[in-house]
Amino acid sequence: MLEKLRAHPDALYFLEPVDGTIVPDYRIKIKNPIDLRTMQTKGYTNISEFEADMKLLFSKCKTYNTKHSQGDMRDASLEKLFKKEWGRETS
């Protein structure tokens, strides 16, 4: 599932941790950031932990980005894919 999300074109903003030199206010607004690379290295022990981190990623994106911004639109697209695939994985 994580590889499918990472391969999606709209995952670009979520592949790596946010660079504080490029986005200096990110760490001020977002505490405990999460990204797909960090998730890839976490070693989840159950699917609930993975699901919680995905929801956290989407929530933090909505908190930081303004409505209809590039980040918001990419977040919505990736979240849609996650929900679609998650339903298949967990049913």
# chains A, B, ... in the order shown; residues from 1 in each chain; ligands from 1
>>> residues_around(residues="A:Asn65", least_positions_apart="5", cutoff="12 Å", atoms="only C-alpha atoms", output="list in words")
Tyr13, Val23, Asp25, Tyr26, Lys29, Ile30, Phe58, Ser59, Lys60, Gln70, Gly71, Asp72, Met73, Arg74, Asp75 and Ala76 of chain A
>>> write_last_selection(atoms="C-alpha atoms", output="short mmCIF file (atom, residue, chain, number, x, y, z; two decimals), in the first residue's frame")
data_model
loop_
_atom_site.label_atom_id
_atom_site.label_comp_id
_atom_site.auth_asym_id
_atom_site.auth_seq_id
_atom_site.Cartn_x
_atom_site.Cartn_y
_atom_site.Cartn_z
CA TYR A 13 4.84 16.81 -1.45
CA VAL A 23 9.43 26.15 4.35
CA ASP A 25 7.30 28.22 9.24
CA TYR A 26 6.32 24.57 8.81
CA LYS A 29 2.67 25.35 12.64
CA ILE A 30 3.12 21.56 12.53
CA PHE A 58 -3.60 14.19 5.74
CA SER A 59 -4.66 16.16 8.81
CA LYS A 60 -1.34 18.00 9.02
CA GLN A 70 -1.31 22.83 -4.56
CA GLY A 71 -0.70 21.06 -1.25
CA ASP A 72 -4.42 20.88 -0.50
CA MET A 73 -5.29 19.50 -3.93
CA ARG A 74 -2.48 16.92 -3.84
CA ASP A 75 -3.54 15.93 -0.33
CA ALA A 76 -7.14 15.40 -1.47
#
>>> select_by_dssp(residues="chain A", states="helix (DSSP H, G or I)", output="PyMOL selection string")
chain A and resi 2-7+9-14+26-29+36-42+47-64+70-90
>>> write_last_selection(atoms="C-alpha atoms", output="mmCIF file, in the first residue's frame")
data_model
loop_
_atom_site.group_PDB
_atom_site.id
_atom_site.type_symbol
_atom_site.label_atom_id
_atom_site.label_comp_id
_atom_site.auth_asym_id
_atom_site.auth_seq_id
_atom_site.Cartn_x
_atom_site.Cartn_y
_atom_site.Cartn_z
ATOM 1 C CA LEU A 2 2.721 2.483 0.938
ATOM 2 C CA GLU A 3 4.576 1.867 -2.320
ATOM 3 C CA LYS A 4 1.398 2.483 -4.322
ATOM 4 C CA LEU A 5 0.891 5.780 -2.496
ATOM 5 C CA ARG A 6 4.541 6.793 -2.957
ATOM 6 C CA ALA A 7 4.286 6.079 -6.704
ATOM 7 C CA PRO A 9 2.097 11.620 -8.947
ATOM 8 C CA ASP A 10 0.407 13.663 -6.196
ATOM 9 C CA ALA A 11 2.602 12.101 -3.508
ATOM 10 C CA LEU A 12 5.413 14.491 -4.438
ATOM 11 C CA TYR A 13 4.842 16.806 -1.450
ATOM 12 C CA PHE A 14 4.672 13.884 0.967
ATOM 13 C CA TYR A 26 6.319 24.570 8.814
ATOM 14 C CA ARG A 27 7.761 23.368 12.134
ATOM 15 C CA ILE A 28 6.141 26.315 13.897
ATOM 16 C CA LYS A 29 2.673 25.353 12.639
ATOM 17 C CA LEU A 36 5.899 8.794 3.584
ATOM 18 C CA ARG A 37 9.656 8.176 3.921
ATOM 19 C CA THR A 38 9.409 8.292 7.708
ATOM 20 C CA MET A 39 6.440 5.951 7.559
ATOM 21 C CA GLN A 40 8.416 3.552 5.367
ATOM 22 C CA THR A 41 11.049 3.192 8.093
ATOM 23 C CA LYS A 42 8.707 2.904 11.102
ATOM 24 C CA ILE A 47 -2.536 -1.881 10.517
ATOM 25 C CA SER A 48 -4.164 0.518 12.980
ATOM 26 C CA GLU A 49 -0.829 2.281 13.531
ATOM 27 C CA PHE A 50 -0.334 2.681 9.788
ATOM 28 C CA GLU A 51 -3.865 3.982 9.300
ATOM 29 C CA ALA A 52 -3.406 6.478 12.150
ATOM 30 C CA ASP A 53 -0.213 7.844 10.577
ATOM 31 C CA MET A 54 -1.873 8.198 7.182
ATOM 32 C CA LYS A 55 -4.739 10.128 8.753
ATOM 33 C CA LEU A 56 -2.201 12.232 10.629
ATOM 34 C CA LEU A 57 -0.370 13.027 7.383
ATOM 35 C CA PHE A 58 -3.601 14.195 5.736
ATOM 36 C CA SER A 59 -4.656 16.161 8.805
ATOM 37 C CA LYS A 60 -1.337 17.996 9.023
ATOM 38 C CA CYS A 61 -1.515 18.838 5.333
ATOM 39 C CA LYS A 62 -4.968 20.357 5.793
ATOM 40 C CA THR A 63 -3.733 22.308 8.815
ATOM 41 C CA TYR A 64 -0.763 23.808 6.988
ATOM 42 C CA GLN A 70 -1.309 22.833 -4.561
ATOM 43 C CA GLY A 71 -0.703 21.065 -1.248
ATOM 44 C CA ASP A 72 -4.421 20.880 -0.497
ATOM 45 C CA MET A 73 -5.287 19.498 -3.926
ATOM 46 C CA ARG A 74 -2.477 16.918 -3.836
ATOM 47 C CA ASP A 75 -3.544 15.932 -0.327
ATOM 48 C CA ALA A 76 -7.143 15.404 -1.467
ATOM 49 C CA SER A 77 -6.014 13.276 -4.409
ATOM 50 C CA LEU A 78 -3.708 11.113 -2.309
ATOM 51 C CA GLU A 79 -6.284 10.761 0.451
ATOM 52 C CA LYS A 80 -8.855 9.606 -2.102
ATOM 53 C CA LEU A 81 -6.447 6.927 -3.335
ATOM 54 C CA PHE A 82 -5.672 5.881 0.244
ATOM 55 C CA LYS A 83 -9.353 5.487 1.125
ATOM 56 C CA LYS A 84 -9.996 3.484 -2.039
ATOM 57 C CA GLU A 85 -7.022 1.159 -1.512
ATOM 58 C CA TRP A 86 -7.512 0.925 2.258
ATOM 59 C CA GLY A 87 -11.024 -0.406 1.701
ATOM 60 C CA ARG A 88 -9.582 -3.154 -0.478
ATOM 61 C CA GLU A 89 -6.782 -3.968 1.951
ATOM 62 C CA THR A 90 -8.997 -4.211 5.018
#
>>> atom_distance(atom1="atom CA of A:Thr45", atom2="atom CA of A:Leu15")
21.5 Å
>>> atom_distance(atom1="atom CA of A:Pro17", atom2="atom CA of A:Lys67")
21.3 Å
>>> atom_distance(atom1="atom CA of A:Ile34", atom2="atom CA of A:Gly20")
13.6 Å
